[in-house]
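File shown here: upload.cif, holding mmCIF, C-alpha atoms.
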data_final
#
loop_
_atom_site.group_PDB
_atom_site.id
_atom_site.type_symbol
_atom_site.label_atom_id
_atom_site.label_comp_id
_atom_site.auth_asym_id
_atom_site.auth_seq_id
_atom_site.Cartn_x
_atom_site.Cartn_y
_atom_site.Cartn_z
ATOM 1 C CA MET A 1 102.868 97.617 105.275
ATOM 2 C CA SER A 2 103.698 94.402 107.066
ATOM 3 C CA HIS A 3 107.298 93.267 107.461
ATOM 4 C CA LYS A 4 108.361 89.742 108.174
ATOM 5 C CA ARG A 5 110.474 89.517 111.290
ATOM 6 C CA ILE A 6 114.117 89.803 110.328
ATOM 7 C CA LYS A 7 116.754 88.658 112.794
ATOM 8 C CA THR A 8 120.048 90.501 112.726
ATOM 9 C CA SER A 9 122.928 90.635 115.136
ATOM 10 C CA TRP A 10 122.243 94.384 115.466
ATOM 11 C CA GLY A 11 118.878 93.796 117.105
ATOM 12 C CA LYS A 12 120.561 92.353 120.178
ATOM 13 C CA VAL A 13 122.890 95.340 120.593
ATOM 14 C CA ALA A 14 120.592 98.163 119.444
ATOM 15 C CA GLN A 15 120.276 99.798 122.852
ATOM 16 C CA TRP A 16 123.998 99.533 123.587
ATOM 17 C CA TYR A 17 124.867 101.021 120.170
ATOM 18 C CA ASP A 18 122.455 103.917 120.674
ATOM 19 C CA THR A 19 123.856 104.640 124.134
ATOM 20 C CA MET A 20 127.432 104.468 122.847
ATOM 21 C CA LEU A 21 126.739 106.959 120.034
ATOM 22 C CA GLU A 22 124.526 109.348 121.951
ATOM 23 C CA SER A 23 126.201 109.503 125.341
ATOM 24 C CA GLY A 24 129.781 108.669 124.505
ATOM 25 C CA GLY A 25 130.897 112.034 125.817
ATOM 26 C CA GLY A 26 130.376 113.632 122.411
ATOM 27 C CA ASP A 27 133.722 112.276 121.221
ATOM 28 C CA THR A 28 132.647 109.395 119.038
ATOM 29 C CA TYR A 29 134.580 108.348 115.951
ATOM 30 C CA GLN A 30 131.347 108.767 113.993
ATOM 31 C CA LYS A 31 130.947 112.390 115.087
ATOM 32 C CA GLU A 32 134.549 113.572 115.054
ATOM 33 C CA VAL A 33 136.003 111.692 112.068
ATOM 34 C CA ILE A 34 133.362 110.177 109.804
ATOM 35 C CA LEU A 35 130.632 112.837 109.844
ATOM 36 C CA PRO A 36 132.867 115.735 108.701
ATOM 37 C CA GLY A 37 134.142 113.595 105.821
ATOM 38 C CA VAL A 38 130.640 112.531 104.785
ATOM 39 C CA LEU A 39 129.413 116.130 104.837
ATOM 40 C CA LYS A 40 132.393 117.277 102.764
ATOM 41 C CA LEU A 41 131.911 114.515 100.190
ATOM 42 C CA LEU A 42 128.155 115.112 99.882
ATOM 43 C CA ASP A 43 128.404 118.909 99.621
ATOM 44 C CA LEU A 44 124.684 119.007 100.449
ATOM 45 C CA LYS A 45 122.324 121.532 98.963
ATOM 46 C CA ARG A 46 119.183 122.469 100.893
ATOM 47 C CA ASN A 47 116.260 120.057 100.342
ATOM 48 C CA GLU A 48 118.297 117.429 98.528
ATOM 49 C CA GLN A 49 116.850 113.949 98.933
ATOM 50 C CA VAL A 50 119.361 111.673 100.688
ATOM 51 C CA LEU A 51 118.992 107.984 101.457
ATOM 52 C CA ASP A 52 120.909 106.743 104.509
ATOM 53 C CA ILE A 53 121.313 103.002 103.915
ATOM 54 C CA ALA A 54 121.974 100.874 106.998
ATOM 55 C CA CYS A 55 121.154 103.979 109.030
ATOM 56 C CA GLY A 56 121.116 102.170 112.359
ATOM 57 C CA GLN A 57 119.645 104.388 115.065
ATOM 58 C CA GLY A 58 119.692 107.438 112.780
ATOM 59 C CA PHE A 59 122.892 109.214 113.855
ATOM 60 C CA PHE A 60 123.911 110.244 110.322
ATOM 61 C CA SER A 61 120.306 110.720 109.176
ATOM 62 C CA ARG A 62 119.742 113.337 111.865
ATOM 63 C CA ALA A 63 123.019 115.110 111.082
ATOM 64 C CA LEU A 64 122.125 115.315 107.375
ATOM 65 C CA ALA A 65 118.639 116.595 108.169
ATOM 66 C CA GLN A 66 120.157 119.304 110.380
ATOM 67 C CA LYS A 67 122.142 120.444 107.325
ATOM 68 C CA GLY A 68 118.912 120.872 105.344
ATOM 69 C CA ALA A 69 118.622 117.548 103.518
ATOM 70 C CA ARG A 70 115.369 115.628 103.233
ATOM 71 C CA VAL A 71 116.472 112.294 104.606
ATOM 72 C CA THR A 72 115.109 108.789 104.448
ATOM 73 C CA GLY A 73 116.865 106.245 106.632
ATOM 74 C CA VAL A 74 116.636 102.518 106.043
ATOM 75 C CA ASP A 75 117.926 99.602 108.079
ATOM 76 C CA ILE A 76 117.226 95.891 108.280
ATOM 77 C CA SER A 77 116.998 95.998 112.080
ATOM 78 C CA PRO A 78 113.518 96.821 113.423
ATOM 79 C CA GLU A 79 115.051 97.523 116.828
ATOM 80 C CA LEU A 80 117.398 100.186 115.455
ATOM 81 C CA ILE A 81 114.636 101.751 113.339
ATOM 82 C CA ARG A 82 112.405 101.929 116.419
ATOM 83 C CA ILE A 83 115.129 103.920 118.204
ATOM 84 C CA ALA A 84 115.699 106.125 115.132
ATOM 85 C CA ARG A 85 111.996 106.955 114.875
ATOM 86 C CA ALA A 86 111.848 107.826 118.568
ATOM 87 C CA ARG A 87 114.831 110.173 118.195
ATOM 88 C CA SER A 88 113.417 112.021 115.176
ATOM 89 C CA ARG A 89 109.841 111.964 113.997
ATOM 90 C CA SER A 90 110.595 114.368 111.118
ATOM 91 C CA ILE A 91 112.780 111.849 109.274
ATOM 92 C CA ARG A 92 111.249 108.998 107.308
ATOM 93 C CA TYR A 93 112.615 105.630 108.420
ATOM 94 C CA GLU A 94 111.981 102.309 106.688
ATOM 95 C CA ILE A 95 112.770 98.713 107.583
ATOM 96 C CA ALA A 96 114.301 96.944 104.590
ATOM 97 C CA PRO A 97 117.462 95.180 103.486
ATOM 98 C CA ALA A 98 119.889 97.250 101.401
ATOM 99 C CA ASP A 99 119.287 95.098 98.331
ATOM 100 C CA LYS A 100 115.473 95.479 98.375
ATOM 101 C CA LEU A 101 114.579 99.164 98.699
ATOM 102 C CA SER A 102 111.022 98.625 97.447
ATOM 103 C CA PHE A 103 109.738 101.719 99.294
ATOM 104 C CA ALA A 104 111.963 103.959 97.107
ATOM 105 C CA LYS A 105 110.960 105.082 93.637
ATOM 106 C CA SER A 106 113.506 104.793 90.870
ATOM 107 C CA VAL A 107 115.535 107.931 90.155
ATOM 108 C CA SER A 108 114.231 109.682 93.284
ATOM 109 C CA PHE A 109 117.287 110.458 95.454
ATOM 110 C CA ASP A 110 120.055 112.992 94.929
ATOM 111 C CA ALA A 111 122.544 111.079 97.073
ATOM 112 C CA ALA A 112 122.919 107.933 99.141
ATOM 113 C CA ILE A 113 125.263 107.063 101.962
ATOM 114 C CA MET A 114 126.183 103.727 103.487
ATOM 115 C CA VAL A 115 128.477 104.331 106.433
ATOM 116 C CA LEU A 116 130.261 101.491 108.262
ATOM 117 C CA ALA A 117 127.965 98.868 106.765
ATOM 118 C CA ILE A 118 129.329 97.514 103.496
ATOM 119 C CA GLN A 119 131.131 94.706 105.315
ATOM 120 C CA ASN A 120 127.815 93.564 106.836
ATOM 121 C CA ILE A 121 125.797 93.377 103.596
ATOM 122 C CA ASP A 122 125.673 90.259 101.466
ATOM 123 C CA PRO A 123 125.275 90.311 98.533
ATOM 124 C CA ILE A 124 126.751 93.798 98.249
ATOM 125 C CA THR A 125 126.421 93.884 94.446
ATOM 126 C CA SER A 126 122.622 93.714 94.769
ATOM 127 C CA ALA A 127 122.697 96.620 97.211
ATOM 128 C CA PHE A 128 124.797 98.678 94.798
ATOM 129 C CA ARG A 129 122.343 97.830 92.010
ATOM 130 C CA GLU A 130 119.501 99.186 94.163
ATOM 131 C CA VAL A 131 121.445 102.367 94.898
ATOM 132 C CA ARG A 132 122.019 102.882 91.163
ATOM 133 C CA ARG A 133 118.267 102.433 90.598
ATOM 134 C CA ILE A 134 117.159 105.023 93.168
ATOM 135 C CA LEU A 135 119.720 107.740 92.366
ATOM 136 C CA LYS A 136 118.838 110.576 90.001
#
Just give me the structure of the file as structure tokens.
Amino acid sequence: MSHKRIKTSWGKVAQWYDTMLESGGGDTYQKEVILPGVLKLLDLKRNEQVLDIACGQGFFSRALAQKGARVTGVDISPELIRIARARSRSIRYEIAPADKLSFAKSVSFDAAIMVLAIQNIDPITSAFREVRRILK
């Protein structure tokens, strides 16, 4: 499937962001504060289908997969998705905006997360509409 080139501010900082998350001494806010809260809220069951919207370089996608979820990550930034795919070939990653999840079938996911991204998505109501469509 061909994707038109999408320019985002994240493309320019993709490598920096990946380095910050992966080699930040293991003490990142994402790992120590956000991830435990996300895992508690999701209360994942093995093999649940989870969509990680605005997944960036796949940090949360990989953590969810390690807990037994079947994860699909999606991000608008091709640069971040390239890094995510290189870090984990067992997770499906797609390039798409949060309000056009055309790769996802309706009523096909058990849960969806969107961590640290709502403020970057416009229009957010369209993204929420898509999430409602894909959730079981």
Which distance in Å separates atom CA of Ala54 of chain A and atom CA of Ile81 of chain A, to one decimal?
9.7 Å
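Here atom CA of Ser61 of chain A and atom CA of Tyr93 of chain A stand 9.3 Å from one another.
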Quick one: of A:Val74, A:Leu64, A:Ile83, A:Leu39, who's nearest to Gly11 of chain A, counting all atoms listed in the file?
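Among A:Val74, A:Leu64, A:Ile83, A:Leu39, it is A:Ile83 that comes nearest to Gly11 of chain A.
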Enclose the full set of atoms of segment 87-91 of chain A listed in the file within a box whose edges lie along x, y and z, apply 3 Å of padding to each of the six sides, and report centre and edge lengths in Å to one decimal as JSON.
{"center_x": 112.3, "center_y": 112.3, "center_z": 113.7, "size_x": 11.0, "size_y": 10.2, "size_z": 14.9}
Enumerate, as a list in words, the residues matched when the PyMOL selection byres ((chain A and resi 96) around 7) is run on the file above.
Val74, Asp75, Ile76, Glu94, Ile95, Pro97, Ala98, Lys100 and Leu101 of chain A
With C-alpha atoms retained, export the selected residues as a short mmCIF file (atom, residue, chain, number, x, y, z; two decimals), in the frame of the given file.
data_model
loop_
_atom_site.label_atom_id
_atom_site.label_comp_id
_atom_site.auth_asym_id
_atom_site.auth_seq_id
_atom_site.Cartn_x
_atom_site.Cartn_y
_atom_site.Cartn_z
CA VAL A 74 116.64 102.52 106.04
CA ASP A 75 117.93 99.60 108.08
CA ILE A 76 117.23 95.89 108.28
CA GLU A 94 111.98 102.31 106.69
CA ILE A 95 112.77 98.71 107.58
CA PRO A 97 117.46 95.18 103.49
CA ALA A 98 119.89 97.25 101.40
CA LYS A 100 115.47 95.48 98.38
CA LEU A 101 114.58 99.16 98.70
#
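Using only C-alpha atoms, the smallest distance between any of A:Ala65, A:Ala86, A:Val115, A:Ala104 and Arg133 of chain A comes from A:Ala104.
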Distance query 9 Å from (126.0, 115.3, 99.2) using only C-alpha atoms, result as a ChimeraX atom specification
/A:38-45,48,50,69,110-113
Pick from A:Arg62, A:Arg129, A:Trp16, A:Leu135: nearest to Leu80 of chain A, with all atoms listed in the file counted?
A:Trp16
re atom CA of Asn47 of chain A and atom CA of Gly73 of chain A: distance 15.2 Å
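Among the candidates A:Ile134, A:Leu35, A:Ile91, A:Ile53, the one nearest to Ile121 of chain A when counting all atoms listed in the file is A:Ile53.
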Using all atoms listed in the file, which of the listed residues (A:Glu130, A:Pro78, A:Arg46, A:Ala84) sits closest to Gln66 of chain A?
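Of all the options, A:Arg46 lies closest to Gln66 of chain A.
Using all atoms listed in the file, the shortest contact distance between Arg132 of chain A and any of A:Leu51, A:Ser90, A:Glu32, A:Gly58 is found at A:Leu51.
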